file work-v5.cif (mmCIF, C-alpha atoms)
data_work
#
loop_
_atom_site.group_PDB
_atom_site.id
_atom_site.type_symbol
_atom_site.label_atom_id
_atom_site.label_comp_id
_atom_site.auth_asym_id
_atom_site.auth_seq_id
_atom_site.Cartn_x
_atom_site.Cartn_y
_atom_site.Cartn_z
ATOM 1 C CA MET B 643 0.000 0.000 0.000
ATOM 2 C CA THR B 644 1.534 3.292 -1.102
ATOM 3 C CA SER B 645 1.623 5.991 1.543
ATOM 4 C CA THR B 646 0.895 9.563 0.531
ATOM 5 C CA ALA B 647 1.234 10.656 4.139
ATOM 6 C CA LYS B 648 2.507 14.093 5.007
ATOM 7 C CA LEU B 649 5.943 14.122 6.592
ATOM 8 C CA TYR B 650 6.242 15.263 10.202
ATOM 9 C CA GLY B 651 9.503 15.545 12.139
ATOM 10 C CA LEU B 652 10.144 14.063 15.589
ATOM 11 C CA VAL B 653 13.145 14.587 17.863
ATOM 12 C CA LEU B 654 13.233 11.755 20.385
ATOM 13 C CA SER B 655 14.512 13.190 23.655
ATOM 14 C CA GLY B 656 12.553 11.426 26.394
ATOM 15 C CA GLY B 657 15.229 8.859 27.307
ATOM 16 C CA LYS B 658 17.112 8.882 30.619
ATOM 17 C CA SER B 659 20.616 9.145 29.011
ATOM 18 C CA THR B 660 22.000 6.674 31.562
ATOM 19 C CA ARG B 661 25.256 5.906 29.741
ATOM 20 C CA MET B 662 26.064 9.553 29.047
ATOM 21 C CA GLY B 663 25.303 10.562 32.618
ATOM 22 C CA THR B 664 23.626 13.798 31.489
ATOM 23 C CA ASP B 665 20.596 14.551 29.316
ATOM 24 C CA LYS B 666 21.815 14.085 25.722
ATOM 25 C CA GLY B 667 19.175 16.471 24.445
ATOM 26 C CA LEU B 668 20.709 19.312 26.463
ATOM 27 C CA ILE B 669 24.317 18.834 25.292
ATOM 28 C CA GLU B 670 25.465 21.723 23.088
ATOM 29 C CA TYR B 671 27.439 20.751 19.978
ATOM 30 C CA HIS B 672 26.283 23.700 17.863
ATOM 31 C CA GLY B 673 25.777 26.454 20.442
ATOM 32 C CA VAL B 674 22.256 25.343 21.403
ATOM 33 C CA PRO B 675 20.898 22.210 23.152
ATOM 34 C CA GLN B 676 21.036 19.303 20.722
ATOM 35 C CA ARG B 677 17.293 18.665 20.701
ATOM 36 C CA GLU B 678 16.715 22.313 19.715
ATOM 37 C CA TYR B 679 19.340 22.023 16.965
ATOM 38 C CA LEU B 680 17.686 18.899 15.505
ATOM 39 C CA TYR B 681 14.235 20.487 15.846
ATOM 40 C CA ALA B 682 15.448 23.446 13.770
ATOM 41 C CA LEU B 683 16.864 21.088 11.104
ATOM 42 C CA LEU B 684 13.677 19.044 10.868
ATOM 43 C CA SER B 685 11.575 22.216 10.726
ATOM 44 C CA GLN B 686 13.284 23.079 7.434
ATOM 45 C CA VAL B 687 12.225 19.846 5.715
ATOM 46 C CA CYS B 688 9.029 18.656 7.467
ATOM 47 C CA GLU B 689 5.503 20.023 7.450
ATOM 48 C CA HIS B 690 5.349 20.034 11.266
ATOM 49 C CA THR B 691 8.030 19.194 13.832
ATOM 50 C CA PHE B 692 7.773 18.061 17.445
ATOM 51 C CA VAL B 693 10.025 17.180 20.363
ATOM 52 C CA SER B 694 9.090 13.919 22.056
ATOM 53 C CA LEU B 695 9.779 14.137 25.783
ATOM 54 C CA ARG B 696 8.735 13.269 29.325
ATOM 55 C CA GLU B 697 6.253 15.474 31.163
ATOM 56 C CA ASP B 698 8.977 16.660 33.568
ATOM 57 C CA GLN B 699 11.107 17.952 30.657
ATOM 58 C CA LYS B 700 8.512 20.344 29.224
ATOM 59 C CA SER B 701 9.602 23.311 31.338
ATOM 60 C CA GLU B 702 13.155 23.080 29.911
ATOM 61 C CA LEU B 703 12.082 23.908 26.342
ATOM 62 C CA PRO B 704 11.925 27.391 24.817
ATOM 63 C CA GLU B 705 8.463 28.802 24.206
ATOM 64 C CA GLY B 706 6.997 28.024 20.814
ATOM 65 C CA MET B 707 8.499 24.541 20.369
ATOM 66 C CA HIS B 708 5.847 21.912 19.684
ATOM 67 C CA THR B 709 5.965 18.869 21.929
ATOM 68 C CA ILE B 710 4.437 15.417 22.274
ATOM 69 C CA VAL B 711 4.581 14.021 25.798
ATOM 70 C CA ASP B 712 5.404 10.320 26.056
ATOM 71 C CA LEU B 713 2.348 8.269 26.986
ATOM 72 C CA ASN B 714 4.422 5.487 28.602
ATOM 73 C CA GLU B 715 2.426 2.760 26.883
ATOM 74 C CA PHE B 716 5.550 1.129 25.422
ATOM 75 C CA ARG B 717 9.186 0.752 26.408
ATOM 76 C CA GLY B 718 12.288 2.340 24.884
ATOM 77 C CA PRO B 719 12.279 4.539 21.766
ATOM 78 C CA TYR B 720 8.931 3.075 20.702
ATOM 79 C CA ASN B 721 7.439 5.046 23.591
ATOM 80 C CA GLY B 722 8.031 8.392 21.863
ATOM 81 C CA LEU B 723 7.460 7.081 18.356
ATOM 82 C CA LEU B 724 4.082 5.521 19.097
ATOM 83 C CA SER B 725 2.977 8.429 21.296
ATOM 84 C CA ALA B 726 3.485 10.633 18.222
ATOM 85 C CA HIS B 727 1.681 8.137 15.982
ATOM 86 C CA LYS B 728 -1.280 8.023 18.366
ATOM 87 C CA LYS B 729 -1.606 11.813 18.244
ATOM 88 C CA TYR B 730 -1.194 12.094 14.447
ATOM 89 C CA PRO B 731 -1.921 8.612 13.006
ATOM 90 C CA GLU B 732 -2.158 9.916 9.435
ATOM 91 C CA ALA B 733 1.431 11.256 9.379
ATOM 92 C CA ALA B 734 4.687 9.677 8.305
ATOM 93 C CA TRP B 735 7.446 10.525 10.787
ATOM 94 C CA LEU B 736 11.048 11.480 10.098
ATOM 95 C CA VAL B 737 12.509 10.465 13.443
ATOM 96 C CA LEU B 738 15.851 11.578 14.875
ATOM 97 C CA ALA B 739 17.392 10.480 18.155
ATOM 98 C CA CYS B 740 18.948 13.364 20.066
ATOM 99 C CA ASP B 741 22.329 11.556 20.165
ATOM 100 C CA LEU B 742 23.234 12.390 16.529
ATOM 101 C CA PRO B 743 25.621 15.377 16.896
ATOM 102 C CA LEU B 744 26.846 15.340 13.276
ATOM 103 C CA MET B 745 23.427 15.158 11.607
ATOM 104 C CA ASP B 746 22.966 17.961 9.081
ATOM 105 C CA LEU B 747 20.502 19.335 6.574
ATOM 106 C CA ASP B 748 22.157 17.661 3.568
ATOM 107 C CA ALA B 749 21.748 14.232 5.156
ATOM 108 C CA LEU B 750 18.082 14.862 5.923
ATOM 109 C CA LYS B 751 17.419 16.016 2.356
ATOM 110 C CA GLU B 752 19.191 12.897 1.091
ATOM 111 C CA LEU B 753 16.975 10.640 3.224
ATOM 112 C CA ILE B 754 13.788 12.427 2.142
ATOM 113 C CA ALA B 755 14.779 12.270 -1.545
ATOM 114 C CA ALA B 756 15.213 8.504 -1.189
ATOM 115 C CA ARG B 757 11.906 7.999 0.656
ATOM 116 C CA ASN B 758 9.985 5.060 -0.727
ATOM 117 C CA PRO B 759 6.386 5.363 0.490
ATOM 118 C CA GLU B 760 5.597 1.904 -0.867
ATOM 119 C CA ARG B 761 7.819 0.416 1.849
ATOM 120 C CA GLU B 762 7.065 0.492 5.566
ATOM 121 C CA ALA B 763 10.056 2.689 6.278
ATOM 122 C CA THR B 764 13.095 4.349 4.700
ATOM 123 C CA ALA B 765 16.126 4.237 6.988
ATOM 124 C CA PHE B 766 19.738 5.282 6.912
ATOM 125 C CA ALA B 767 22.318 2.487 7.260
ATOM 126 C CA LEU B 768 26.087 2.109 7.076
ATOM 127 C CA LYS B 769 27.533 0.182 4.125
ATOM 128 C CA GLU B 770 29.901 -1.916 6.259
ATOM 129 C CA ASN B 771 27.072 -2.833 8.639
ATOM 130 C CA PRO B 772 23.858 -2.565 6.604
ATOM 131 C CA LEU B 773 21.330 -2.555 9.416
ATOM 132 C CA PRO B 774 18.571 0.070 9.472
ATOM 133 C CA GLU B 775 18.984 3.001 11.857
ATOM 134 C CA PRO B 776 15.438 3.150 13.274
ATOM 135 C CA LEU B 777 16.028 6.499 14.966
ATOM 136 C CA CYS B 778 17.251 8.124 11.783
ATOM 137 C CA ALA B 779 14.460 6.999 9.512
ATOM 138 C CA ILE B 780 11.133 7.815 7.920
ATOM 139 C CA TRP B 781 8.367 5.624 9.339
ATOM 140 C CA GLU B 782 5.240 5.407 7.198
ATOM 141 C CA PRO B 783 1.907 5.289 9.100
ATOM 142 C CA GLN B 784 1.415 1.601 8.248
ATOM 143 C CA ALA B 785 4.716 0.657 9.926
ATOM 144 C CA LEU B 786 3.709 2.375 13.141
ATOM 145 C CA GLN B 787 0.253 0.839 13.079
ATOM 146 C CA ASN B 788 1.813 -2.594 12.521
ATOM 147 C CA SER B 789 4.354 -1.929 15.278
ATOM 148 C CA VAL B 790 1.599 -1.756 17.883
ATOM 149 C CA SER B 791 0.431 -5.309 17.135
ATOM 150 C CA TYR B 792 4.077 -6.391 16.797
ATOM 151 C CA LEU B 793 4.791 -5.177 20.335
ATOM 152 C CA GLU B 794 1.554 -6.524 21.752
ATOM 153 C CA SER B 795 2.457 -9.961 20.328
ATOM 154 C CA GLY B 796 5.535 -10.038 22.593
ATOM 155 C CA ASN B 797 8.187 -9.625 19.886
ATOM 156 C CA GLY B 798 10.426 -7.433 22.048
ATOM 157 C CA THR B 799 10.693 -3.644 22.072
ATOM 158 C CA CYS B 800 13.512 -3.022 19.575
ATOM 159 C CA PRO B 801 12.512 -0.789 16.632
ATOM 160 C CA ARG B 802 15.611 -1.890 14.677
ATOM 161 C CA LYS B 803 14.506 -5.513 14.939
ATOM 162 C CA TYR B 804 11.098 -4.498 13.596
ATOM 163 C CA LEU B 805 12.639 -2.739 10.571
ATOM 164 C CA ILE B 806 15.014 -5.658 9.880
ATOM 165 C CA ASN B 807 12.062 -8.041 9.738
ATOM 166 C CA HIS B 808 9.766 -5.805 7.679
ATOM 167 C CA ASP B 809 9.812 -4.003 4.346
ATOM 168 C CA THR B 810 12.430 -1.301 4.878
ATOM 169 C CA ALA B 811 14.313 0.676 2.227
ATOM 170 C CA LEU B 812 17.941 1.296 3.205
ATOM 171 C CA VAL B 813 19.758 4.509 2.312
ATOM 172 C CA PHE B 814 23.552 4.778 2.591
ATOM 173 C CA PRO B 815 24.397 8.418 3.314
ATOM 174 C CA LYS B 816 27.166 10.175 1.379
ATOM 175 C CA ASN B 817 28.516 11.431 4.687
ATOM 176 C CA GLU B 818 28.513 8.450 7.052
ATOM 177 C CA SER B 819 29.627 10.665 9.970
ATOM 178 C CA ALA B 820 26.055 11.987 10.088
ATOM 179 C CA LEU B 821 25.123 8.688 11.764
ATOM 180 C CA LEU B 822 27.688 8.973 14.567
ATOM 181 C CA ASN B 823 25.956 8.184 17.866
ATOM 182 C CA ALA B 824 27.166 9.921 21.010
ATOM 183 C CA ASN B 825 25.924 7.856 23.943
ATOM 184 C CA SER B 826 28.975 7.988 26.201
ATOM 185 C CA GLU B 827 31.663 10.422 27.313
ATOM 186 C CA ASP B 828 34.168 8.932 24.818
ATOM 187 C CA GLU B 829 31.704 9.215 21.926
ATOM 188 C CA TYR B 830 30.944 12.784 22.975
ATOM 189 C CA LYS B 831 34.658 13.631 22.768
ATOM 190 C CA ALA B 832 34.928 11.952 19.344
ATOM 191 C CA ALA B 833 31.996 14.044 18.078
ATOM 192 C CA ILE B 834 33.533 17.279 19.387
ATOM 193 C CA GLU B 835 36.828 16.399 17.647
ATOM 194 C CA LYS B 836 35.069 15.748 14.331
ATOM 195 C CA LEU B 837 33.148 19.006 14.578
ATOM 196 C CA ALA B 838 36.386 20.903 15.311
ATOM 197 C CA ILE B 839 38.048 19.397 12.231
ATOM 198 C CA GLY B 840 34.966 20.292 10.172
#

call {"tool": "encode", "arguments": {"input": "work-v5.cif", "output": "structure tokens"}}
result
Amino acid sequence: MTSTAKLYGLVLSGGKSTRMGTDKGLIEYHGVPQREYLYALLSQVCEHTFVSLREDQKSELPEGMHTIVDLNEFRGPYNGLLSAHKKYPEAAWLVLACDLPLMDLDALKELIAARNPEREATAFALKENPLPEPLCAIWEPQALQNSVSYLESGNGTCPRKYLINHDTALVFPKNESALLNANSEDEYKAAIEKLAIG
């Protein structure tokens, strides 16, 4: 079934950032908190953009940023993703985790240009390890609808596992650094070094 869904943007920032030891969404790589930086990027390419977060984080955001509060119906990243889907079930979602410090506008445009609405999702992947990046992907409405029954059937809570086992288009970005995850102090330092080099 081909999706003609409008594309909304979602910055996932409701996690506890246990490994990093500090809220990853508040780390500044570009002079502003990372979740605000990604929100601004997504706002340039999506019809509407939202930050997914916990209720207790709402007061930390600047006025005017659109939010979707996690409903806590599911575990892990699916919590934010399916909370957004429940609020706007007709939308396709370009989802970004807030631990992607080197993500840029060119990479987002590349992913959107490669979007295949006939598939359940279109996800970035690395050539040497071609597994879908579920938190740097476009999820069509059907994939999110199917994910609910997938989770309720006891298949685990990993969105990557869902994409691996379903009809996902993979996109290999020209600049693979855009997919660098910063989940620990060492990865944070590596990201800062790469940004300094340019």

call {"tool": "axis_aligned_box", "arguments": {"input": "work-v5.cif", "around": "segment 746-765 of chain B", "padding_each_side": "3 Å", "output": "lines of an AutoDock Vina configuration file"}}
result
center_x = 14.3
center_y = 9.9
center_z = 3.8
size_x = 23.4
size_y = 24.9
size_z = 16.6

call {"tool": "closest_residue", "arguments": {"input": "work-v5.cif", "among": "B:Pro743, B:Pro704, B:Gly651, B:Pro731", "to": "Lys666 of chain B", "atoms": "all atoms listed in the file"}}
result
B:Pro743

call {"tool": "resolve_selection", "arguments": {"input": "work-v5.cif", "expression": "the PyMOL selection byres ((chain B and resi 781) around 7)", "output": "compact mmCIF listing (two decimals) with C-alpha atoms, in the coordinates of the input"}}
result
# COMPACT_ATOMS: atom_id res chain seq x y z
CA ALA B 734 4.69 9.68 8.30
CA TRP B 735 7.45 10.52 10.79
CA LEU B 736 11.05 11.48 10.10
CA GLU B 762 7.06 0.49 5.57
CA ALA B 763 10.06 2.69 6.28
CA THR B 764 13.10 4.35 4.70
CA ALA B 779 14.46 7.00 9.51
CA ILE B 780 11.13 7.82 7.92
CA GLU B 782 5.24 5.41 7.20
CA PRO B 783 1.91 5.29 9.10
CA ALA B 785 4.72 0.66 9.93
CA LEU B 786 3.71 2.38 13.14

call {"tool": "residues_around", "arguments": {"input": "work-v5.cif", "residues": "segment 799-805 of chain B", "least_positions_apart": "2", "cutoff": "8 Å", "atoms": "only C-alpha atoms", "output": "ChimeraX atom specification"}}
result
/B:716-720,763,773-776,789,792-793,797,807-810

call {"tool": "resolve_selection", "arguments": {"input": "work-v5.cif", "expression": "the PyMOL selection byres ((chain B and resi 821) around 10)", "output": "list in words"}}
result
Asp741, Leu742, Pro743, Leu744, Met745, Asp746, Ala749, Phe766, Ala767, Leu768, Glu775, Leu777, Cys778, Pro815, Asn817, Glu818, Ser819, Ala820, Leu822, Asn823 and Ala824 of chain B

call {"tool": "residues_near_point", "arguments": {"input": "work-v5.cif", "point": "(9.9, 18.7, 5.1)", "cutoff": "10 Å", "atoms": "all atoms listed in the file", "output": "PyMOL selection string"}}
result
chain B and resi 648-651+683-691+736+750-751+754

call {"tool": "resolve_selection", "arguments": {"input": "work-v5.cif", "expression": "the PyMOL selection byres ((chain B and resi 711) around 7)", "output": "ChimeraX atom specification"}}
result
/B:694-697,709-710,712-713

call {"tool": "atom_distance", "arguments": {"input": "work-v5.cif", "atom1": "atom CA of Ala739 of chain B", "atom2": "atom CA of Asn758 of chain B"}}
result
21.0 Å

call {"tool": "atom_distance", "arguments": {"input": "work-v5.cif", "atom1": "atom CA of Ala647 of chain B", "atom2": "atom CA of Glu732 of chain B"}}
result
6.3 Å

call {"tool": "atom_distance", "arguments": {"input": "work-v5.cif", "atom1": "atom CA of Cys740 of chain B", "atom2": "atom CA of Glu835 of chain B"}}
result
18.3 Å

call {"tool": "closest_residue", "arguments": {"input": "work-v5.cif", "among": "B:Val674, B:Ile834, B:Leu723, B:Leu812", "to": "Leu753 of chain B", "atoms": "only C-alpha atoms"}}
result
B:Leu812

call {"tool": "closest_residue", "arguments": {"input": "work-v5.cif", "among": "B:Ser795, B:Val737, B:Lys728, B:Glu702", "to": "Leu680 of chain B", "atoms": "all atoms listed in the file"}}
result
B:Val737

call {"tool": "residues_near_point", "arguments": {"input": "work-v5.cif", "point": "(14.3, 19.1, 26.0)", "cutoff": "9 Å", "atoms": "all atoms listed in the file", "output": "JSON, numbers by chain"}}
result
{"B": [655, 656, 665, 667, 668, 675, 676, 677, 678, 693, 694, 695, 696, 699, 700, 701, 702, 703, 704]}

call {"tool": "closest_residue", "arguments": {"input": "work-v5.cif", "among": "B:Leu654, B:Thr646, B:Phe692, B:Val813", "to": "Tyr730 of chain B", "atoms": "all atoms listed in the file"}}
result
B:Phe692
